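Beneath this line is the structure, given in structure tokens, with notes to follow.
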Amino acid sequence: MTATPDQMIAVGKAARDLLRFAWTRTPRFELMIANGLIAVGKTFAADPSESAALLKQAIEPGHLKDHGYKELRWIAHEIRGIAKGDPGLAIDIYRAAYGYVEVSGDATNIGNSAILPLRSNRRQDYEGAWFQLSEAIPALLNDNLEAGVRAVVVGLHGYVERERRRLPRPGELSTESFPLGPTTASFKADLSCSWYRGGYQPMQDGPVLLKKFDAFLEGLASDADAQGKIERILSTLSREPDVPAAIWGSLLVAGTRHPSIYGHQLVPLACAAPIMMSSDTRYQLGTFIGAAYAHLAEPKRGAIEHAILSLPSDRAGDGSKAALIGCIPKEAIASAEMRTFIETLEQTGATRPNTQPVRFTSSSRPFDTDAYLASEGVSLDDPESAALRETMRDVEALVTSDRTTDLSLSSLKQHLVVLDDARKALLKRFHGRVPDKLFEHAIGHVAYVAGRIAHAAPKVLAEPTVKTPLKRILLFCAGSEYPRHDAERDDQFHENLSWGGQSARTEAAHGLIDLTRASQKQDRQVMTAIRKLARDRVPEVRLQIIQNLSVLRSLDPNWVWSELEHVLAKEPARGLVDSAIGALAAIIYQDVPRSVRAAKGVIRRYRNKEMAGMAACRLSAATLIFDIHILGTNAEADKFAESFIDDVISNAGSIQHLVARYSDKLLTGSLENPQAKDNRPRQNTLAFYRTVTELAFSEIEKRATALDIRQFSTWPDADQAALRDMVGILNEVALRLYLAAGTHYNGSIPPDDVSPPRARLYWETKPILARLAKAIVVPVAHHLVQALETFIPLDPPGVFALIAQAVKSAEQGGYSDESMGADLIVRIVQRYLADYRGVFADRARLDDLMDCLDVFVRAGWPAAQALTFKLGEIWR
């Protein structure tokens, strides 16, 4: 159905009235403004004059500065329709948009969804409008060539004025004019030789307009009226007051690629002194002359030669002459004056190539050992250094280019001979006789390869021909002075653990731990070295031992426990304490009470302290104890968990982490035997979920009773933070139930076949689901409804009652504004009407149906409205 002219006029007036009202509303309603701008753009043709007058307010400098990051993209989205109705306004929009840059990094929301909140910032939002405007340029050029060209020019000029306004090179003109047919054209130097023509091109802002223009000129060459359109482009450019040099350069590039088509029309550019003299266009002009000369008649060639010879006789003019003359094919020279001038230049050696003033290039080569040593200032000129470098090459050859090593027994025997020879040479020949950096790198690489060999299968490592030399090499490296202690690095190990690079003791520490995997009993020398490395001054060395202590749990259990307890109580680097908790988790089964005591010690150590890494240590320790509570049996762990949960306000963030951590237990356990031990983790997890859900609601309701929720922004900061944390817990519970239900919002209806573990999940969590259905928080409601959709076949009436309750509760939080919510509810109702219509024979469920749909009908969602209109027909 096509709207009549009168209808379009009425719709256009309504759109403009909507925008005017939205702009005057306080506080601003951004969604209404966006819809108003879109509506005015779409109905622009109904009254171009009135629409243009309104949109011009949006691009006024003050308005653009305050609101451009929110509004400009909606105008840009409708730019093609605007350009058809008022080309001048479209050009003004490009001028204003590219004449201003948003520099603020203040955070903004992408959309208004509470279900899927995404963040951006003002600068990115504004630059999104640039992207849309640049994407529209091809269509504008096709719809209205003159308007499209002007939009490119004014947009690029705005960019140049903002970002590239510099003085030209000495002797070159900044702004000049030149004859172009019957008129005079503008030339404005823009330094595009550096930011566009030199090999690197920006991927946003004004230069993108130029790329689109280049592509248009390239495609235009296949147009039957290409020459006529080039004439129109030139005519349009001649009327513009500020044409950046890059525009003329683009025309010359197109002429070079298609000289037979564009050559004739571009001769005026080849005769223009500003274009010949400018670094921004001289190279492009030279290549054009070389390509087009053969296609030009003699008078045209003569005109170009005369213009070149007429350049001023100074440094800049002579340089331009020499470069451009060299581009003229000798066989096509038109004038005797030019021929004589070229001969004189050649005789005096004054010719010069036509090169780009700026050219960005890149190259790469492998950063190998030689390159590293050179970067560290290590010279290999002296005989000892050169000899050590050769020894290193033999060691480096033991590791392939993909950083792997052959770990077969036969290969390892050969590898160890090379490593042991290198060890002897480092010990007896090179120590103290070569640069420190060279020696450090050499011993570090020996340790690295030895560590790789220690990854071999235990059976291979147990072979005396492997174990004995490998042990000797690793012990040698473990006694190295490298890496040296750096006090400044210690602070990094509170939060950011690092290996520290390839170094002797670091690699040896890990290698010695691996070597013990083949041991049936303790090796006194190896364990002595490991114990010493565990207390090394350098944290990255200690890290290798601490995080792998569990490997020694059977070989030396007493030392492992004592060392873990030492680290947890006294290790200064908090990141290593956190690693020790991970190692402790691997040996909990050996002594659960001792593990709980050690973890509680960490919590006491860092209680009420917030220096770097302390919170992470507390959380890891609490998680370890909670794991025992959820997965095992220990009265002390159970008591700790109860106390931890009760302090829900202080521990809200940790509780969210724990809710997520145990969500994989929701579907585990025997279905046949509810008393089976493997049901315990699920039962404990469900009890945990129920408790934290009730506590979170209790804390919310306590504050909502004492304080007006409608005045949330005026609440004390502590209460605001507490409410947000409690909502976070509820949302985490709802999300994990949704994921456990196996629902994914992809537009498809979940199957009717609900698996037995998920059916059990529904009945066991129904009290939690009913409690969550009372939440007014949009994400909680949406995740809950998504989960409930899966359970419909199990309990159609009960599930719909919960869905309706969730929708009605969350309407207060804005659920009715969510398109994803509207789509989901419409889909669920359609499913009920198709497969479970009998549910609505119950008056209460029918009321739920109408209330549920009404939430989205009143919000104006078309799908909900259409479904409501059909209900009478369905039951007729």
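FYI, nothing fancy with the structure tokens labels: chains A, B, ... in order, residues from 1 per chain, ligands from 1 as they appear.
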
At a cut-off of 12 Å, can you tabulate as CSV every residue of region 629-745 of chain A near region 575-590 of chain A together with its closest atom pair and the distance in Å to one decimal, using only C-alpha atoms and ordering rows by chain then number?
```
residue,atom,partner,partner_atom,distance
A:Leu631,CA,A:Tyr589,CA,11.5
A:Gly632,CA,A:Tyr589,CA,9.7
A:Thr633,CA,A:Tyr589,CA,11.1
A:Asn634,CA,A:Tyr589,CA,11.6
```

I need the chosen residues saved as a tab-separated table (two decimals), in the first residue's frame, with all heavy atoms.
```tsv
chain	number	residue	atom	x	y	z
A	631	LEU	N	32.09	-30.12	47.75
A	631	LEU	CA	32.45	-31.39	47.14
A	631	LEU	C	32.76	-32.49	48.14
A	631	LEU	O	32.73	-33.68	47.78
A	631	LEU	CB	33.67	-31.20	46.22
A	631	LEU	CG	33.54	-30.10	45.16
A	631	LEU	CD1	34.85	-29.97	44.39
A	631	LEU	CD2	32.40	-30.41	44.21
A	632	GLY	N	33.09	-32.12	49.37
A	632	GLY	CA	33.53	-33.13	50.33
A	632	GLY	C	32.76	-33.05	51.63
A	632	GLY	O	31.60	-32.62	51.68
A	633	THR	N	33.44	-33.47	52.71
A	633	THR	CA	32.83	-33.48	54.03
A	633	THR	C	33.85	-32.99	55.03
A	633	THR	O	34.89	-33.63	55.24
A	633	THR	CB	32.37	-34.90	54.43
A	633	THR	OG1	31.47	-35.38	53.44
A	633	THR	CG2	31.68	-34.88	55.78
A	634	ASN	N	33.57	-31.86	55.64
A	634	ASN	CA	34.45	-31.34	56.67
A	634	ASN	C	33.67	-30.30	57.47
A	634	ASN	O	33.19	-29.31	56.91
A	634	ASN	CB	35.71	-30.72	56.06
A	634	ASN	CG	36.65	-30.16	57.10
A	634	ASN	OD1	36.57	-28.98	57.43
A	634	ASN	ND2	37.54	-31.00	57.63
```

For Ala504 (chain A), please output as a ChimeraX atom specification all residues within 12 Å (counting only C-alpha atoms; exclusion window: fewer than 4 positions along the same chain). /A:423,439-451,473-484,499-500,508-512,533,538,540-541

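Proximity ranking of A:Gly148, A:Pro179, A:Pro793, A:Gly219 relative to Pro268 (chain A) places A:Pro179 first, based on only C-alpha atoms.
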
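Excluding Ala332 (chain A) itself and same-chain residues fewer than 6 positions from it, the residues having an atom within 9 Å of it are Tyr293, Ala294, Glu298 and Arg301 of chain A, counting only C-alpha atoms.
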
Write to file, as a CSV table (one decimal), in the first residue's frame, the residues of the selection just made, with N, CA, C and O atoms.
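selection-v9.csv written:
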```
chain,number,residue,atom,x,y,z
A,293,TYR,N,51.0,11.0,-22.2
A,293,TYR,CA,51.6,11.8,-23.3
A,293,TYR,C,51.3,11.3,-24.7
A,293,TYR,O,51.0,12.0,-25.6
A,294,ALA,N,51.4,10.0,-24.8
A,294,ALA,CA,51.2,9.3,-26.1
A,294,ALA,C,49.8,9.5,-26.6
A,294,ALA,O,49.5,9.3,-27.8
A,298,GLU,N,49.5,17.1,-30.3
A,298,GLU,CA,50.7,17.9,-30.2
A,298,GLU,C,50.4,19.2,-29.5
A,298,GLU,O,51.2,19.6,-28.6
A,301,ARG,N,50.4,18.6,-25.8
A,301,ARG,CA,51.7,18.3,-25.2
A,301,ARG,C,52.5,19.6,-25.2
A,301,ARG,O,53.3,19.9,-24.2
```

- [ ] Rounded to one decimal place, report the CA of Arg95 (chain A)-CA of Arg80 (chain A) distance in Å.
- [x]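 CA of Arg95 (chain A) sits 15.4 Å away from CA of Arg80 (chain A).
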
List as a PDB file with N, CA and C atoms, in the first residue's frame the protein and nucleic acid residues near region 692-706 of chain A, meaning an atom at most 7 Å away when only C-alpha atoms are counted, but skip any in the same chain fewer than 5 places from it.
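result-v1.pdb, freshly written:
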```
ATOM      1  N   ILE A 645      28.757 -16.982  53.868  1.00  0.00           N
ATOM      2  CA  ILE A 645      27.519 -16.630  53.167  1.00  0.00           C
ATOM      3  C   ILE A 645      26.699 -15.638  53.976  1.00  0.00           C
ATOM      4  N   LEU A 723      22.901  -2.644  47.155  1.00  0.00           N
ATOM      5  CA  LEU A 723      21.805  -3.081  46.282  1.00  0.00           C
ATOM      6  C   LEU A 723      22.345  -3.600  44.954  1.00  0.00           C
ATOM      7  N   MET A 726      23.715  -7.069  45.493  1.00  0.00           N
ATOM      8  CA  MET A 726      22.679  -8.084  45.678  1.00  0.00           C
ATOM      9  C   MET A 726      21.999  -8.424  44.343  1.00  0.00           C
ATOM     10  N   ILE A 729      24.190 -10.771  42.501  1.00  0.00           N
ATOM     11  CA  ILE A 729      24.068 -12.171  42.937  1.00  0.00           C
ATOM     12  C   ILE A 729      22.834 -12.817  42.311  1.00  0.00           C
ATOM     13  N   LEU A 730      21.697 -12.114  42.372  1.00  0.00           N
ATOM     14  CA  LEU A 730      20.468 -12.668  41.781  1.00  0.00           C
ATOM     15  C   LEU A 730      20.641 -12.913  40.285  1.00  0.00           C
TER      16      LEU A 730
END
```

Fill in: Exercise: Leu515 (chain A) partners within 10 Å, only C-alpha atoms, chain neighbours under 2 positions left out, as a VMD selection string
chain A and resid 451 453 to 458 461 to 462 467 470 to 471 474 510 to 513 517 to 519 526

Based on the selection just made, write all heavy atoms of those residues as a compact mmCIF listing (two decimals), in the first residue's frame.
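Final file, again.txt:
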```txt
# COMPACT_ATOMS: atom_id res chain seq x y z
N GLY A 451 65.66 -28.42 30.12
CA GLY A 451 64.29 -28.45 30.62
C GLY A 451 63.34 -29.10 29.65
O GLY A 451 62.41 -29.81 30.05
N ILE A 453 64.15 -31.47 27.56
CA ILE A 453 64.44 -32.91 27.63
C ILE A 453 63.76 -33.52 28.85
O ILE A 453 63.30 -34.67 28.81
CB ILE A 453 65.97 -33.12 27.66
CG1 ILE A 453 66.56 -32.76 26.28
CG2 ILE A 453 66.32 -34.56 28.03
CD1 ILE A 453 68.07 -32.80 26.23
N ALA A 454 63.67 -32.75 29.94
CA ALA A 454 63.03 -33.26 31.15
C ALA A 454 61.54 -33.51 30.98
O ALA A 454 60.91 -34.10 31.86
CB ALA A 454 63.27 -32.29 32.31
N HIS A 455 60.96 -33.07 29.83
CA HIS A 455 59.55 -33.37 29.53
C HIS A 455 59.37 -34.79 28.99
O HIS A 455 58.24 -35.22 28.75
CB HIS A 455 59.01 -32.39 28.49
CG HIS A 455 58.91 -30.99 28.99
ND1 HIS A 455 58.69 -29.92 28.15
CD2 HIS A 455 59.00 -30.46 30.23
CE1 HIS A 455 58.65 -28.80 28.85
NE2 HIS A 455 58.84 -29.11 30.12
N ALA A 456 60.44 -35.51 28.78
CA ALA A 456 60.34 -36.85 28.21
C ALA A 456 59.55 -37.77 29.12
O ALA A 456 59.33 -37.49 30.32
CB ALA A 456 61.75 -37.40 27.97
N ALA A 457 59.13 -38.91 28.57
CA ALA A 457 58.36 -39.87 29.35
C ALA A 457 59.18 -40.37 30.54
O ALA A 457 60.41 -40.51 30.45
CB ALA A 457 57.98 -41.05 28.46
N PRO A 458 58.53 -40.62 31.69
CA PRO A 458 59.26 -41.09 32.87
C PRO A 458 60.14 -42.30 32.60
O PRO A 458 61.23 -42.42 33.15
CB PRO A 458 58.13 -41.41 33.86
CG PRO A 458 57.03 -40.49 33.48
CD PRO A 458 57.10 -40.40 31.98
N LEU A 461 63.26 -40.98 31.07
CA LEU A 461 64.06 -40.25 32.05
C LEU A 461 64.73 -41.17 33.06
O LEU A 461 65.78 -40.84 33.60
CB LEU A 461 63.17 -39.25 32.80
CG LEU A 461 62.63 -38.06 32.01
CD1 LEU A 461 61.69 -37.22 32.88
CD2 LEU A 461 63.76 -37.19 31.49
N ALA A 462 64.12 -42.32 33.33
CA ALA A 462 64.68 -43.24 34.32
C ALA A 462 65.94 -43.96 33.81
O ALA A 462 66.70 -44.52 34.60
CB ALA A 462 63.63 -44.27 34.73
N LYS A 467 69.24 -39.95 32.70
CA LYS A 467 69.08 -39.30 33.99
C LYS A 467 70.38 -38.71 34.53
O LYS A 467 70.42 -37.57 35.00
CB LYS A 467 68.49 -40.28 35.00
CG LYS A 467 68.23 -39.64 36.36
CD LYS A 467 67.56 -40.62 37.30
CE LYS A 467 67.27 -39.95 38.64
NZ LYS A 467 66.59 -40.87 39.58
N LEU A 470 71.59 -35.61 32.46
CA LEU A 470 70.58 -34.56 32.56
C LEU A 470 70.60 -33.95 33.95
O LEU A 470 70.54 -32.72 34.10
CB LEU A 470 69.20 -35.12 32.23
CG LEU A 470 68.03 -34.12 32.29
CD1 LEU A 470 68.26 -32.94 31.36
CD2 LEU A 470 66.71 -34.81 31.96
N LYS A 471 70.70 -34.78 34.96
CA LYS A 471 70.80 -34.28 36.33
C LYS A 471 72.02 -33.39 36.49
O LYS A 471 71.95 -32.31 37.10
CB LYS A 471 70.86 -35.48 37.29
CG LYS A 471 71.21 -35.13 38.72
CD LYS A 471 71.38 -36.41 39.53
CE LYS A 471 72.07 -36.12 40.85
NZ LYS A 471 72.31 -37.38 41.63
N LEU A 474 71.35 -30.01 34.77
CA LEU A 474 70.37 -29.18 35.47
C LEU A 474 70.93 -28.64 36.79
O LEU A 474 70.68 -27.49 37.15
CB LEU A 474 69.09 -29.98 35.72
CG LEU A 474 68.23 -30.27 34.48
CD1 LEU A 474 67.11 -31.25 34.81
CD2 LEU A 474 67.64 -28.97 33.91
N HIS A 510 62.29 -25.67 36.93
CA HIS A 510 61.20 -26.46 36.36
C HIS A 510 61.72 -27.81 35.88
O HIS A 510 61.06 -28.85 36.04
CB HIS A 510 60.56 -25.70 35.21
CG HIS A 510 59.17 -26.14 34.88
ND1 HIS A 510 58.90 -27.37 34.33
CD2 HIS A 510 57.97 -25.53 35.05
CE1 HIS A 510 57.59 -27.49 34.16
NE2 HIS A 510 57.00 -26.39 34.58
N GLY A 511 62.92 -27.84 35.29
CA GLY A 511 63.49 -29.09 34.80
C GLY A 511 63.74 -30.09 35.90
O GLY A 511 63.50 -31.30 35.74
N LEU A 512 64.22 -29.62 37.06
CA LEU A 512 64.48 -30.54 38.17
C LEU A 512 63.19 -31.13 38.72
O LEU A 512 63.13 -32.31 39.09
CB LEU A 512 65.23 -29.79 39.28
CG LEU A 512 66.71 -29.51 38.98
CD1 LEU A 512 67.29 -28.55 40.00
CD2 LEU A 512 67.52 -30.81 38.94
N ILE A 513 62.14 -30.30 38.79
CA ILE A 513 60.83 -30.83 39.21
C ILE A 513 60.39 -31.94 38.25
O ILE A 513 59.94 -33.02 38.66
CB ILE A 513 59.77 -29.71 39.25
CG1 ILE A 513 60.06 -28.74 40.40
CG2 ILE A 513 58.38 -30.28 39.36
CD1 ILE A 513 59.66 -29.22 41.76
N ARG A 517 59.83 -36.87 38.25
CA ARG A 517 58.71 -37.75 37.85
C ARG A 517 59.15 -39.17 37.59
O ARG A 517 58.35 -40.10 37.63
CB ARG A 517 58.03 -37.20 36.60
CG ARG A 517 57.32 -35.86 36.84
CD ARG A 517 56.58 -35.37 35.62
NE ARG A 517 57.46 -35.03 34.51
CZ ARG A 517 57.51 -35.69 33.36
NH1 ARG A 517 56.74 -36.76 33.17
NH2 ARG A 517 58.33 -35.33 32.40
N ALA A 518 60.43 -39.36 37.30
CA ALA A 518 60.95 -40.70 37.02
C ALA A 518 61.57 -41.35 38.25
O ALA A 518 62.13 -42.44 38.17
CB ALA A 518 61.99 -40.63 35.91
N SER A 519 61.47 -40.68 39.43
CA SER A 519 62.16 -41.17 40.62
C SER A 519 61.22 -42.00 41.50
O SER A 519 60.08 -41.60 41.75
CB SER A 519 62.70 -39.98 41.43
OG SER A 519 63.57 -39.20 40.64
N VAL A 526 69.24 -33.70 44.07
CA VAL A 526 68.15 -33.02 43.37
C VAL A 526 67.25 -32.30 44.37
O VAL A 526 66.88 -31.13 44.18
CB VAL A 526 67.34 -34.02 42.52
CG1 VAL A 526 66.07 -33.36 41.98
CG2 VAL A 526 68.19 -34.55 41.36
```

List the spatial neighbours of His67 (chain A) as an mmCIF file with all heavy atoms, in the first residue's frame - criterion: any atom at most 9 Å away, only C-alpha atoms, same-chain residues fewer than 5 positions off excluded.
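Written out: result_8.cif:
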```cif
data_model
loop_
_atom_site.group_PDB
_atom_site.id
_atom_site.type_symbol
_atom_site.label_atom_id
_atom_site.label_comp_id
_atom_site.auth_asym_id
_atom_site.auth_seq_id
_atom_site.Cartn_x
_atom_site.Cartn_y
_atom_site.Cartn_z
ATOM 1 N N ALA A 58 20.685 20.644 14.294
ATOM 2 C CA ALA A 58 21.484 19.536 14.826
ATOM 3 C C ALA A 58 22.950 19.649 14.471
ATOM 4 O O ALA A 58 23.792 19.010 15.109
ATOM 5 C CB ALA A 58 20.931 18.198 14.322
ATOM 6 N N GLY A 62 27.549 24.499 18.468
ATOM 7 C CA GLY A 62 27.298 24.236 19.877
ATOM 8 C C GLY A 62 26.527 22.953 20.098
ATOM 9 O O GLY A 62 26.840 22.164 21.003
ATOM 10 N N LEU A 72 24.439 12.518 15.626
ATOM 11 C CA LEU A 72 24.896 12.628 14.244
ATOM 12 C C LEU A 72 24.756 11.325 13.473
ATOM 13 O O LEU A 72 24.465 11.330 12.272
ATOM 14 C CB LEU A 72 26.351 13.108 14.208
ATOM 15 C CG LEU A 72 26.906 13.440 12.824
ATOM 16 C CD1 LEU A 72 26.098 14.548 12.159
ATOM 17 C CD2 LEU A 72 28.377 13.844 12.917
#
```

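Once Trp74 (chain A) and its same-chain neighbours fewer than 3 positions away are set aside, Ala34, Leu37, Ile38, Glu71, His77 and Glu78 of chain A remain within 7 Å of it when counting only C-alpha atoms.
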
Dump as a PDB file, in the first residue's frame, selection limited to all heavy atoms:
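Dumped everything to result_35.pdb:
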```
ATOM      1  N   ALA A  34      16.415  10.096  18.922  1.00  0.00           N
ATOM      2  CA  ALA A  34      16.918   9.265  17.822  1.00  0.00           C
ATOM      3  C   ALA A  34      15.792   8.914  16.855  1.00  0.00           C
ATOM      4  O   ALA A  34      15.945   9.017  15.625  1.00  0.00           O
ATOM      5  CB  ALA A  34      17.564   7.997  18.382  1.00  0.00           C
ATOM      6  N   LEU A  37      14.875  12.026  14.798  1.00  0.00           N
ATOM      7  CA  LEU A  37      15.829  12.311  13.722  1.00  0.00           C
ATOM      8  C   LEU A  37      15.652  11.336  12.560  1.00  0.00           C
ATOM      9  O   LEU A  37      15.684  11.730  11.382  1.00  0.00           O
ATOM     10  CB  LEU A  37      17.257  12.223  14.262  1.00  0.00           C
ATOM     11  CG  LEU A  37      17.679  13.354  15.214  1.00  0.00           C
ATOM     12  CD1 LEU A  37      18.972  12.998  15.919  1.00  0.00           C
ATOM     13  CD2 LEU A  37      17.834  14.673  14.447  1.00  0.00           C
ATOM     14  N   ILE A  38      15.472  10.065  12.882  1.00  0.00           N
ATOM     15  CA  ILE A  38      15.258   9.069  11.828  1.00  0.00           C
ATOM     16  C   ILE A  38      13.968   9.367  11.066  1.00  0.00           C
ATOM     17  O   ILE A  38      13.926   9.320   9.828  1.00  0.00           O
ATOM     18  CB  ILE A  38      15.212   7.654  12.430  1.00  0.00           C
ATOM     19  CG1 ILE A  38      16.592   7.274  12.995  1.00  0.00           C
ATOM     20  CG2 ILE A  38      14.784   6.635  11.378  1.00  0.00           C
ATOM     21  CD1 ILE A  38      16.586   5.996  13.804  1.00  0.00           C
ATOM     22  N   GLU A  71      23.670  12.087  18.313  1.00  0.00           N
ATOM     23  CA  GLU A  71      22.663  12.358  17.287  1.00  0.00           C
ATOM     24  C   GLU A  71      23.152  12.216  15.852  1.00  0.00           C
ATOM     25  O   GLU A  71      22.377  11.848  14.965  1.00  0.00           O
ATOM     26  CB  GLU A  71      22.111  13.784  17.485  1.00  0.00           C
ATOM     27  CG  GLU A  71      21.396  13.983  18.796  1.00  0.00           C
ATOM     28  CD  GLU A  71      20.828  15.386  18.939  1.00  0.00           C
ATOM     29  OE1 GLU A  71      20.954  16.199  17.989  1.00  0.00           O
ATOM     30  OE2 GLU A  71      20.255  15.682  19.995  1.00  0.00           O
ATOM     31  N   HIS A  77      22.640   8.189   8.976  1.00  0.00           N
ATOM     32  CA  HIS A  77      21.935   6.998   8.485  1.00  0.00           C
ATOM     33  C   HIS A  77      20.931   7.349   7.388  1.00  0.00           C
ATOM     34  O   HIS A  77      20.659   6.521   6.506  1.00  0.00           O
ATOM     35  CB  HIS A  77      21.218   6.332   9.664  1.00  0.00           C
ATOM     36  CG  HIS A  77      20.677   4.977   9.358  1.00  0.00           C
ATOM     37  ND1 HIS A  77      19.405   4.786   8.888  1.00  0.00           N
ATOM     38  CD2 HIS A  77      21.245   3.742   9.430  1.00  0.00           C
ATOM     39  CE1 HIS A  77      19.188   3.494   8.703  1.00  0.00           C
ATOM     40  NE2 HIS A  77      20.294   2.832   9.024  1.00  0.00           N
ATOM     41  N   GLU A  78      20.422   8.574   7.420  1.00  0.00           N
ATOM     42  CA  GLU A  78      19.406   8.987   6.434  1.00  0.00           C
ATOM     43  C   GLU A  78      19.976   9.963   5.407  1.00  0.00           C
ATOM     44  O   GLU A  78      19.219  10.637   4.707  1.00  0.00           O
ATOM     45  CB  GLU A  78      18.234   9.650   7.168  1.00  0.00           C
ATOM     46  CG  GLU A  78      17.571   8.784   8.229  1.00  0.00           C
ATOM     47  CD  GLU A  78      16.991   7.504   7.640  1.00  0.00           C
ATOM     48  OE1 GLU A  78      16.564   7.538   6.461  1.00  0.00           O
ATOM     49  OE2 GLU A  78      16.974   6.478   8.349  1.00  0.00           O
TER      50      GLU A  78
END
```

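Remark: for Leu419 (chain A), the closest of the candidate residues A:Glu396, A:Asp205, A:Glu376, A:Asp591 is A:Glu396 (distances computed over only C-alpha atoms).
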
For Gly613 (chain A), the closest of A:Phe640, A:Trp130, A:Phe493, A:Phe187 counting only C-alpha atoms is A:Phe493

- prompt: If you measure from CA of Arg339 (chain A) to CA of Ala297 (chain A), what distance in Å do you get, rounded to one decimal?
  reply: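 Rounded to one decimal, the two atoms are 17.1 Å apart.
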
For this session: Rounded to one decimal place, report the CA of Gln284 (chain A)-CA of Arg197 (chain A) distance in Å.
Result: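 For CA of Gln284 (chain A) relative to CA of Arg197 (chain A), the distance reads 9.0 Å.
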